[in-house]
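Undergrad: Input input_35.pdb, format and content: PDB, C-alpha atoms.
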```
ATOM      1  CA  MET I   1     -20.555  55.109  49.186  1.00  0.00           C
ATOM      2  CA  GLN I   2     -21.387  56.446  45.719  1.00  0.00           C
ATOM      3  CA  SER I   3     -17.883  55.716  44.420  1.00  0.00           C
ATOM      4  CA  ILE I   4     -18.063  52.052  45.505  1.00  0.00           C
ATOM      5  CA  ARG I   5     -21.414  51.532  43.679  1.00  0.00           C
ATOM      6  CA  SER I   6     -19.984  53.024  40.481  1.00  0.00           C
ATOM      7  CA  LYS I   7     -17.113  50.559  40.528  1.00  0.00           C
ATOM      8  CA  VAL I   8     -19.325  47.465  40.897  1.00  0.00           C
ATOM      9  CA  PRO I   9     -20.515  47.335  37.222  1.00  0.00           C
ATOM     10  CA  VAL I  10     -16.922  47.788  36.032  1.00  0.00           C
ATOM     11  CA  ILE I  11     -15.681  44.941  38.209  1.00  0.00           C
ATOM     12  CA  PHE I  12     -18.609  42.783  37.070  1.00  0.00           C
ATOM     13  CA  ILE I  13     -17.823  43.422  33.384  1.00  0.00           C
ATOM     14  CA  ILE I  14     -14.130  42.656  33.914  1.00  0.00           C
ATOM     15  CA  GLY I  15     -15.130  39.400  35.632  1.00  0.00           C
ATOM     16  CA  LEU I  16     -17.326  38.416  32.702  1.00  0.00           C
ATOM     17  CA  ILE I  17     -14.489  39.064  30.247  1.00  0.00           C
ATOM     18  CA  ILE I  18     -12.031  36.982  32.280  1.00  0.00           C
ATOM     19  CA  GLY I  19     -14.575  34.176  32.658  1.00  0.00           C
ATOM     20  CA  ALA I  20     -15.272  34.129  28.923  1.00  0.00           C
ATOM     21  CA  GLY I  21     -11.548  33.994  28.234  1.00  0.00           C
ATOM     22  CA  ILE I  22     -11.083  31.034  30.558  1.00  0.00           C
ATOM     23  CA  LEU I  23     -14.031  29.218  28.983  1.00  0.00           C
ATOM     24  CA  PHE I  24     -12.670  29.842  25.484  1.00  0.00           C
ATOM     25  CA  PHE I  25      -9.220  28.637  26.511  1.00  0.00           C
ATOM     26  CA  ASN I  26     -10.654  25.461  28.032  1.00  0.00           C
ATOM     27  CA  ASN I  27     -12.684  24.715  24.896  1.00  0.00           C
ATOM     28  CA  GLN I  28      -9.622  25.214  22.721  1.00  0.00           C
ATOM     29  CA  PHE I  29      -7.529  23.107  25.049  1.00  0.00           C
ATOM     30  CA  PHE I  30      -9.994  20.199  25.011  1.00  0.00           C
ATOM     31  CA  ALA I  31     -10.292  20.459  21.234  1.00  0.00           C
ATOM     32  CA  TYR I  32      -6.501  20.247  21.061  1.00  0.00           C
ATOM     33  CA  LEU I  33      -6.529  17.143  23.262  1.00  0.00           C
ATOM     34  CA  THR I  34      -9.173  15.594  21.006  1.00  0.00           C
ATOM     35  CA  ASP I  35      -7.000  16.232  17.953  1.00  0.00           C
ATOM     36  CA  ILE I  36      -4.037  14.588  19.661  1.00  0.00           C
ATOM     37  CA  GLN I  37      -6.134  11.561  20.602  1.00  0.00           C
ATOM     38  CA  SER I  38      -7.428  11.200  17.022  1.00  0.00           C
ATOM     39  CA  THR I  39      -3.908  11.430  15.607  1.00  0.00           C
ATOM     40  CA  LEU I  40      -2.603   8.776  17.988  1.00  0.00           C
ATOM     41  CA  SER I  41      -5.462   6.418  17.118  1.00  0.00           C
ATOM     42  CA  ILE I  42      -4.621   6.782  13.409  1.00  0.00           C
ATOM     43  CA  LEU I  43      -0.926   6.169  14.039  1.00  0.00           C
ATOM     44  CA  PHE I  44      -1.417   2.965  15.988  1.00  0.00           C
ATOM     45  CA  ILE I  45      -4.530   1.417  14.461  1.00  0.00           C
ATOM     46  CA  HIS I  46      -2.465  -0.639  11.961  1.00  0.00           C
ATOM     47  CA  SER I  47       0.805  -1.327  13.762  1.00  0.00           C
ATOM     48  CA  GLU I  48       1.213  -4.877  12.404  1.00  0.00           C
ATOM     49  CA  ASP I  49       3.766  -5.700   9.701  1.00  0.00           C
ATOM     50  CA  PRO I  50       1.871  -5.267   6.389  1.00  0.00           C
ATOM     51  CA  ARG I  51       4.107  -7.829   4.697  1.00  0.00           C
ATOM     52  CA  VAL I  52       1.683 -10.372   6.153  1.00  0.00           C
ATOM     53  CA  LEU I  53      -0.713 -10.586   3.239  1.00  0.00           C
ATOM     54  CA  GLY I  54      -3.976  -8.783   3.777  1.00  0.00           C
ATOM     55  CA  LYS I  55      -2.831  -6.111   6.241  1.00  0.00           C
ATOM     56  CA  SER I  56      -3.608  -2.453   5.640  1.00  0.00           C
ATOM     57  CA  ILE I  57      -0.762  -0.345   4.259  1.00  0.00           C
ATOM     58  CA  SER I  58      -2.460   3.010   4.782  1.00  0.00           C
ATOM     59  CA  ASN I  59      -0.312   3.786   7.816  1.00  0.00           C
ATOM     60  CA  TYR I  60       2.846   3.408   5.723  1.00  0.00           C
ATOM     61  CA  GLN I  61       1.720   5.901   3.084  1.00  0.00           C
ATOM     62  CA  VAL I  62       3.639   9.160   3.398  1.00  0.00           C
ATOM     63  CA  PRO I  63       4.249  12.144   1.113  1.00  0.00           C
ATOM     64  CA  VAL I  64       7.793  11.386  -0.023  1.00  0.00           C
ATOM     65  CA  SER I  65       9.824  12.610  -2.963  1.00  0.00           C
ATOM     66  CA  THR I  66      11.217  10.252  -5.590  1.00  0.00           C
ATOM     67  CA  ALA I  67      14.715  11.715  -5.320  1.00  0.00           C
ATOM     68  CA  ASP I  68      16.170   9.000  -3.074  1.00  0.00           C
ATOM     69  CA  ALA I  69      13.547   6.298  -3.593  1.00  0.00           C
ATOM     70  CA  PRO I  70      14.747   2.740  -4.350  1.00  0.00           C
ATOM     71  CA  GLN I  71      14.658   1.744  -7.992  1.00  0.00           C
ATOM     72  CA  ILE I  72      13.244  -1.592  -9.121  1.00  0.00           C
ATOM     73  CA  SER I  73      14.333  -2.782 -12.557  1.00  0.00           C
ATOM     74  CA  TYR I  74      11.588  -4.757 -14.237  1.00  0.00           C
ATOM     75  CA  ASP I  75      14.137  -6.323 -16.602  1.00  0.00           C
ATOM     76  CA  LYS I  76      16.222  -7.635 -13.677  1.00  0.00           C
ATOM     77  CA  LEU I  77      13.199  -9.116 -11.941  1.00  0.00           C
ATOM     78  CA  TYR I  78      11.974 -10.645 -15.206  1.00  0.00           C
ATOM     79  CA  ALA I  79      15.457 -12.149 -15.695  1.00  0.00           C
ATOM     80  CA  LEU I  80      15.455 -13.649 -12.190  1.00  0.00           C
ATOM     81  CA  ILE I  81      12.072 -15.265 -12.768  1.00  0.00           C
ATOM     82  CA  ASN I  82      13.038 -16.634 -16.185  1.00  0.00           C
ATOM     83  CA  GLY I  83      16.412 -17.885 -14.916  1.00  0.00           C
ATOM     84  CA  TYR I  84      14.594 -19.728 -12.154  1.00  0.00           C
ATOM     85  CA  ARG I  85      12.195 -21.285 -14.645  1.00  0.00           C
ATOM     86  CA  ARG I  86      15.109 -22.418 -16.851  1.00  0.00           C
ATOM     87  CA  GLU I  87      16.732 -24.057 -13.818  1.00  0.00           C
ATOM     88  CA  ASN I  88      13.523 -26.023 -13.395  1.00  0.00           C
ATOM     89  CA  LYS I  89      13.352 -27.070 -17.069  1.00  0.00           C
ATOM     90  CA  LEU I  90      10.448 -24.740 -17.839  1.00  0.00           C
ATOM     91  CA  SER I  91       9.868 -22.380 -20.737  1.00  0.00           C
ATOM     92  CA  THR I  92      10.598 -18.712 -20.114  1.00  0.00           C
ATOM     93  CA  LEU I  93       7.874 -16.067 -19.883  1.00  0.00           C
ATOM     94  CA  THR I  94       7.497 -13.081 -22.178  1.00  0.00           C
ATOM     95  CA  ALA I  95       6.898  -9.645 -20.691  1.00  0.00           C
ATOM     96  CA  HIS I  96       3.463  -8.604 -21.941  1.00  0.00           C
ATOM     97  CA  ARG I  97       2.345  -4.990 -22.138  1.00  0.00           C
ATOM     98  CA  ALA I  98      -1.270  -5.807 -21.222  1.00  0.00           C
ATOM     99  CA  LEU I  99      -0.174  -7.610 -18.043  1.00  0.00           C
ATOM    100  CA  GLU I 100       2.012  -4.646 -17.099  1.00  0.00           C
ATOM    101  CA  GLN I 101      -1.089  -2.504 -17.486  1.00  0.00           C
ATOM    102  CA  SER I 102      -3.283  -4.833 -15.398  1.00  0.00           C
ATOM    103  CA  ALA I 103      -0.569  -4.946 -12.706  1.00  0.00           C
ATOM    104  CA  ALA I 104      -0.445  -1.136 -12.705  1.00  0.00           C
ATOM    105  CA  LEU I 105      -4.239  -0.990 -12.278  1.00  0.00           C
ATOM    106  CA  LYS I 106      -4.031  -3.393  -9.332  1.00  0.00           C
ATOM    107  CA  LEU I 107      -1.271  -1.290  -7.757  1.00  0.00           C
ATOM    108  CA  LEU I 108      -3.299   1.893  -8.164  1.00  0.00           C
ATOM    109  CA  ASP I 109      -6.425   0.279  -6.700  1.00  0.00           C
ATOM    110  CA  MET I 110      -4.533  -0.894  -3.612  1.00  0.00           C
ATOM    111  CA  GLN I 111      -3.049   2.566  -3.102  1.00  0.00           C
ATOM    112  CA  GLN I 112      -6.361   4.356  -3.487  1.00  0.00           C
ATOM    113  CA  ASN I 113      -8.304   1.935  -1.280  1.00  0.00           C
ATOM    114  CA  HIS I 114      -5.555   1.225   1.277  1.00  0.00           C
ATOM    115  CA  TYR I 115      -5.347  -2.559   1.152  1.00  0.00           C
ATOM    116  CA  TRP I 116      -2.785  -5.189   0.264  1.00  0.00           C
ATOM    117  CA  THR I 117      -4.347  -8.481  -0.700  1.00  0.00           C
ATOM    118  CA  HIS I 118      -5.525 -10.340  -3.782  1.00  0.00           C
ATOM    119  CA  LYS I 119      -9.134  -9.298  -3.134  1.00  0.00           C
ATOM    120  CA  ASP I 120     -10.241  -5.680  -2.965  1.00  0.00           C
ATOM    121  CA  PRO I 121     -12.341  -4.376  -0.024  1.00  0.00           C
ATOM    122  CA  GLN I 122     -15.503  -5.516  -1.841  1.00  0.00           C
ATOM    123  CA  GLY I 123     -14.138  -9.062  -2.120  1.00  0.00           C
ATOM    124  CA  LYS I 124     -13.454  -8.793  -5.838  1.00  0.00           C
ATOM    125  CA  GLU I 125     -10.376 -10.610  -7.154  1.00  0.00           C
ATOM    126  CA  SER I 126      -7.956  -9.134  -9.683  1.00  0.00           C
ATOM    127  CA  TRP I 127      -8.961 -11.178 -12.700  1.00  0.00           C
ATOM    128  CA  TYR I 128     -11.362  -8.565 -14.073  1.00  0.00           C
ATOM    129  CA  LEU I 129      -8.340  -6.274 -14.522  1.00  0.00           C
ATOM    130  CA  PHE I 130      -6.860  -8.726 -17.036  1.00  0.00           C
ATOM    131  CA  GLU I 131     -10.025  -8.528 -19.106  1.00  0.00           C
ATOM    132  CA  GLN I 132     -10.206  -4.764 -18.669  1.00  0.00           C
ATOM    133  CA  VAL I 133      -6.891  -4.277 -20.503  1.00  0.00           C
ATOM    134  CA  GLY I 134      -7.799  -6.763 -23.227  1.00  0.00           C
ATOM    135  CA  TYR I 135      -5.926  -9.813 -21.937  1.00  0.00           C
ATOM    136  CA  HIS I 136      -8.485 -12.626 -22.286  1.00  0.00           C
ATOM    137  CA  TYR I 137      -6.962 -15.353 -20.197  1.00  0.00           C
ATOM    138  CA  GLU I 138      -7.179 -19.089 -20.028  1.00  0.00           C
ATOM    139  CA  LYS I 139      -5.162 -19.016 -16.793  1.00  0.00           C
ATOM    140  CA  ALA I 140      -4.128 -16.060 -14.626  1.00  0.00           C
ATOM    141  CA  GLY I 141      -2.091 -15.519 -11.473  1.00  0.00           C
ATOM    142  CA  GLU I 142      -0.859 -12.750  -9.200  1.00  0.00           C
ATOM    143  CA  ASN I 143       2.072 -12.251  -6.795  1.00  0.00           C
ATOM    144  CA  LEU I 144       2.315  -9.272  -4.425  1.00  0.00           C
ATOM    145  CA  SER I 145       5.278  -7.874  -2.503  1.00  0.00           C
ATOM    146  CA  PHE I 146       5.586  -5.115   0.086  1.00  0.00           C
ATOM    147  CA  GLY I 147       8.530  -3.938   2.178  1.00  0.00           C
ATOM    148  CA  TYR I 148      11.467  -5.080   0.008  1.00  0.00           C
ATOM    149  CA  THR I 149      13.655  -2.765  -2.049  1.00  0.00           C
ATOM    150  CA  THR I 150      15.803  -4.947  -4.327  1.00  0.00           C
ATOM    151  CA  GLU I 151      14.926  -7.272  -7.180  1.00  0.00           C
ATOM    152  CA  TRP I 152      16.746 -10.175  -5.510  1.00  0.00           C
ATOM    153  CA  LYS I 153      14.964  -9.772  -2.168  1.00  0.00           C
ATOM    154  CA  ILE I 154      11.544  -9.575  -3.847  1.00  0.00           C
ATOM    155  CA  PHE I 155      12.318 -12.690  -5.898  1.00  0.00           C
ATOM    156  CA  GLU I 156      13.694 -14.556  -2.862  1.00  0.00           C
ATOM    157  CA  GLU I 157      10.604 -13.843  -0.782  1.00  0.00           C
ATOM    158  CA  TRP I 158       8.403 -15.139  -3.591  1.00  0.00           C
ATOM    159  CA  ARG I 159      10.618 -18.201  -3.987  1.00  0.00           C
ATOM    160  CA  LYS I 160      10.448 -19.020  -0.259  1.00  0.00           C
ATOM    161  CA  SER I 161       6.636 -18.796  -0.220  1.00  0.00           C
ATOM    162  CA  PRO I 162       5.046 -22.046  -1.475  1.00  0.00           C
ATOM    163  CA  GLU I 163       2.085 -20.224  -3.056  1.00  0.00           C
ATOM    164  CA  HIS I 164       4.171 -17.526  -4.767  1.00  0.00           C
ATOM    165  CA  ASN I 165       6.798 -20.047  -5.819  1.00  0.00           C
ATOM    166  CA  ALA I 166       4.136 -22.213  -7.442  1.00  0.00           C
ATOM    167  CA  GLN I 167       2.987 -19.215  -9.475  1.00  0.00           C
ATOM    168  CA  MET I 168       6.498 -18.526 -10.791  1.00  0.00           C
ATOM    169  CA  LEU I 169       6.985 -22.184 -11.724  1.00  0.00           C
ATOM    170  CA  ASP I 170       3.573 -22.884 -13.222  1.00  0.00           C
ATOM    171  CA  PRO I 171       4.308 -24.551 -16.604  1.00  0.00           C
ATOM    172  CA  LYS I 172       1.080 -23.239 -18.172  1.00  0.00           C
ATOM    173  CA  TYR I 173       1.967 -19.555 -18.000  1.00  0.00           C
ATOM    174  CA  GLU I 174       3.332 -17.797 -21.071  1.00  0.00           C
ATOM    175  CA  HIS I 175       3.375 -14.113 -20.119  1.00  0.00           C
ATOM    176  CA  MET I 176       4.124 -11.839 -17.171  1.00  0.00           C
ATOM    177  CA  GLY I 177       3.894  -8.161 -16.317  1.00  0.00           C
ATOM    178  CA  LEU I 178       5.181  -6.066 -13.417  1.00  0.00           C
ATOM    179  CA  ALA I 179       4.221  -2.806 -11.733  1.00  0.00           C
ATOM    180  CA  ALA I 180       6.115  -1.237  -8.815  1.00  0.00           C
ATOM    181  CA  ASP I 181       6.038   1.909  -6.696  1.00  0.00           C
ATOM    182  CA  CYS I 182       8.964   2.785  -4.431  1.00  0.00           C
ATOM    183  CA  SER I 183       8.141   6.418  -3.621  1.00  0.00           C
ATOM    184  CA  THR I 184       4.723   6.342  -1.903  1.00  0.00           C
ATOM    185  CA  TYR I 185       5.462   4.229   1.174  1.00  0.00           C
ATOM    186  CA  ALA I 186       8.046   4.207   3.953  1.00  0.00           C
ATOM    187  CA  GLN I 187       8.928   1.958   6.872  1.00  0.00           C
ATOM    188  CA  GLY I 188      10.430   4.172   9.549  1.00  0.00           C
ATOM    189  CA  SER I 189      12.681   6.627   7.741  1.00  0.00           C
ATOM    190  CA  GLN I 190      13.324   4.300   4.793  1.00  0.00           C
ATOM    191  CA  LYS I 191      11.284   4.323   1.606  1.00  0.00           C
ATOM    192  CA  THR I 192      10.066   0.935   0.489  1.00  0.00           C
ATOM    193  CA  CYS I 193       8.459  -0.742  -2.502  1.00  0.00           C
ATOM    194  CA  ILE I 194       5.122  -2.294  -3.332  1.00  0.00           C
ATOM    195  CA  VAL I 195       5.222  -4.670  -6.323  1.00  0.00           C
ATOM    196  CA  VAL I 196       2.575  -6.496  -8.367  1.00  0.00           C
ATOM    197  CA  LEU I 197       3.359  -9.403 -10.705  1.00  0.00           C
ATOM    198  CA  HIS I 198       0.668 -10.649 -13.080  1.00  0.00           C
ATOM    199  CA  LEU I 199       1.065 -13.949 -14.889  1.00  0.00           C
ATOM    200  CA  GLY I 200      -1.098 -15.409 -17.603  1.00  0.00           C
ATOM    201  CA  LYS I 201      -1.858 -17.588 -20.561  1.00  0.00           C
ATOM    202  CA  GLN I 202      -4.161 -16.178 -23.211  1.00  0.00           C
ATOM    203  CA  LYS I 203      -7.151 -17.955 -24.662  1.00  0.00           C
ATOM    204  CA  LEU I 204      -6.617 -19.292 -28.171  1.00  0.00           C
TER
END
```
Re-express the file's structure as structure tokens.
TA:
Amino acid sequence: MQSIRSKVPVIFIIGLIIGAGILFFNNQFFAYLTDIQSTLSILFIHSEDPRVLGKSISNYQVPVSTADAPQISYDKLYALINGYRRENKLSTLTAHRALEQSAALKLLDMQQNHYWTHKDPQGKESWYLFEQVGYHYEKAGENLSFGYTTEWKIFEEWRKSPEHNAQMLDPKYEHMGLAADCSTYAQGSQKTCIVVLHLGKQKL
């Protein structure tokens, strides 16, 4: 009888240890499930095609190297735009350093704040960026592109869009500037490009 009583505390302690282990495992398991659920909600919250202007591009942002990223030649895209203007009996545009800087600022702001539209999340349009780099404009315009990786495809998509086409063929513009990033975003396994075109005419 004495030997049975002496074993009871030992069995009780072992039971407590096993129970604590099961409780810990369950907590960890549920935490793991919560992490999975959070990850899935992030993956699928913006499943629409971001090439529709105004969609979020945050879900397409991935840590990719620049080794095999597409390359966009500003000179080629400038040449396509100017060739198109010549076909339509319009003066050509001059690449302007300040507009390249304002386009780069717009690109950076979209990347940092995860949006793709002419207005930022606070509803502010891009025109203040022109002034910020010292380009005091009489008229200003902006074209955006996402999801295309060649100069021709970017140009063609702008040409097929009435609003973007009107910007490229506006007779009042004198200058243009481009900014592009082809290493930050991917669609599936393929890296893709985000491009900003700023157009303007300076005040006299």
Undergrad: Could you tell me which residues the PyMOL selection byres ((chain I and resi 104) around 8) returns for this structure, as a PyMOL selection string?
TA: chain I and resi 100-103+105-108+178-180+196
Undergrad: Please tabulate, as JSON lines, the residues of region 98-129 of chain I that come within 9 Å of region 144-168 of chain I, each with its closest pair of atoms and the distance in Å to one decimal, counting all atoms listed in the file and ordering rows by chain, then residue number upward.
TA:
```
{"residue": "I:Trp116", "atom": "CA", "partner": "I:Leu144", "partner_atom": "CA", "distance": 8.0}
{"residue": "I:Thr117", "atom": "CA", "partner": "I:Leu144", "partner_atom": "CA", "distance": 7.7}
{"residue": "I:His118", "atom": "CA", "partner": "I:Leu144", "partner_atom": "CA", "distance": 7.9}
```
Undergrad: Selected by the PyMOL selection byres ((chain I and resi 131) around 12) in the shown coordinates: which residues, as a PyMOL selection string?
TA: chain I and resi 98-99+101-103+105+126-130+132-140+200+202-203
Undergrad: Might you spell out which residues the PyMOL selection byres ((chain I and resi 72) around 9) would select in the displayed file, as a ChimeraX atom specification?
TA: /I:70-71,73-77,149-151,180-182,193
Undergrad: Could you tell me how far CA of Tyr173 (chain I) lies from CA of Met110 (chain I), in Å and to one decimal?
TA: 24.4 Å
Undergrad: Work out how far apart CA of Gln111 (chain I) and CA of Gly177 (chain I) are and give it in Å to one decimal.
TA: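 Taking CA of Gln111 (chain I) and CA of Gly177 (chain I), their separation equals 18.4 Å.
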Undergrad: Ranking I:Gln122, I:Met176, I:Tyr115, I:Lys201 by minimum distance to Tyr78 (chain I) and counting only C-alpha atoms, which one comes first?
TA: I:Met176
Undergrad: Between CA of Asn143 (chain I) and CA of Val195 (chain I), what is the distance, to one decimal in Å?
TA: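 Answer for the CA of Asn143 (chain I) to CA of Val195 (chain I) separation: 8.2 Å.
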Undergrad: Find the axis-aligned box for region 127-130 of chain I, covering all its listed atoms and adding 6 Å on each side, and write its centre and edge lengths in Å to one decimal as lines of an AutoDock Vina configuration file.
TA:
```
center_x = -9.1
center_y = -8.7
center_z = -14.9
size_x = 16.5
size_y = 16.9
size_z = 16.3
```
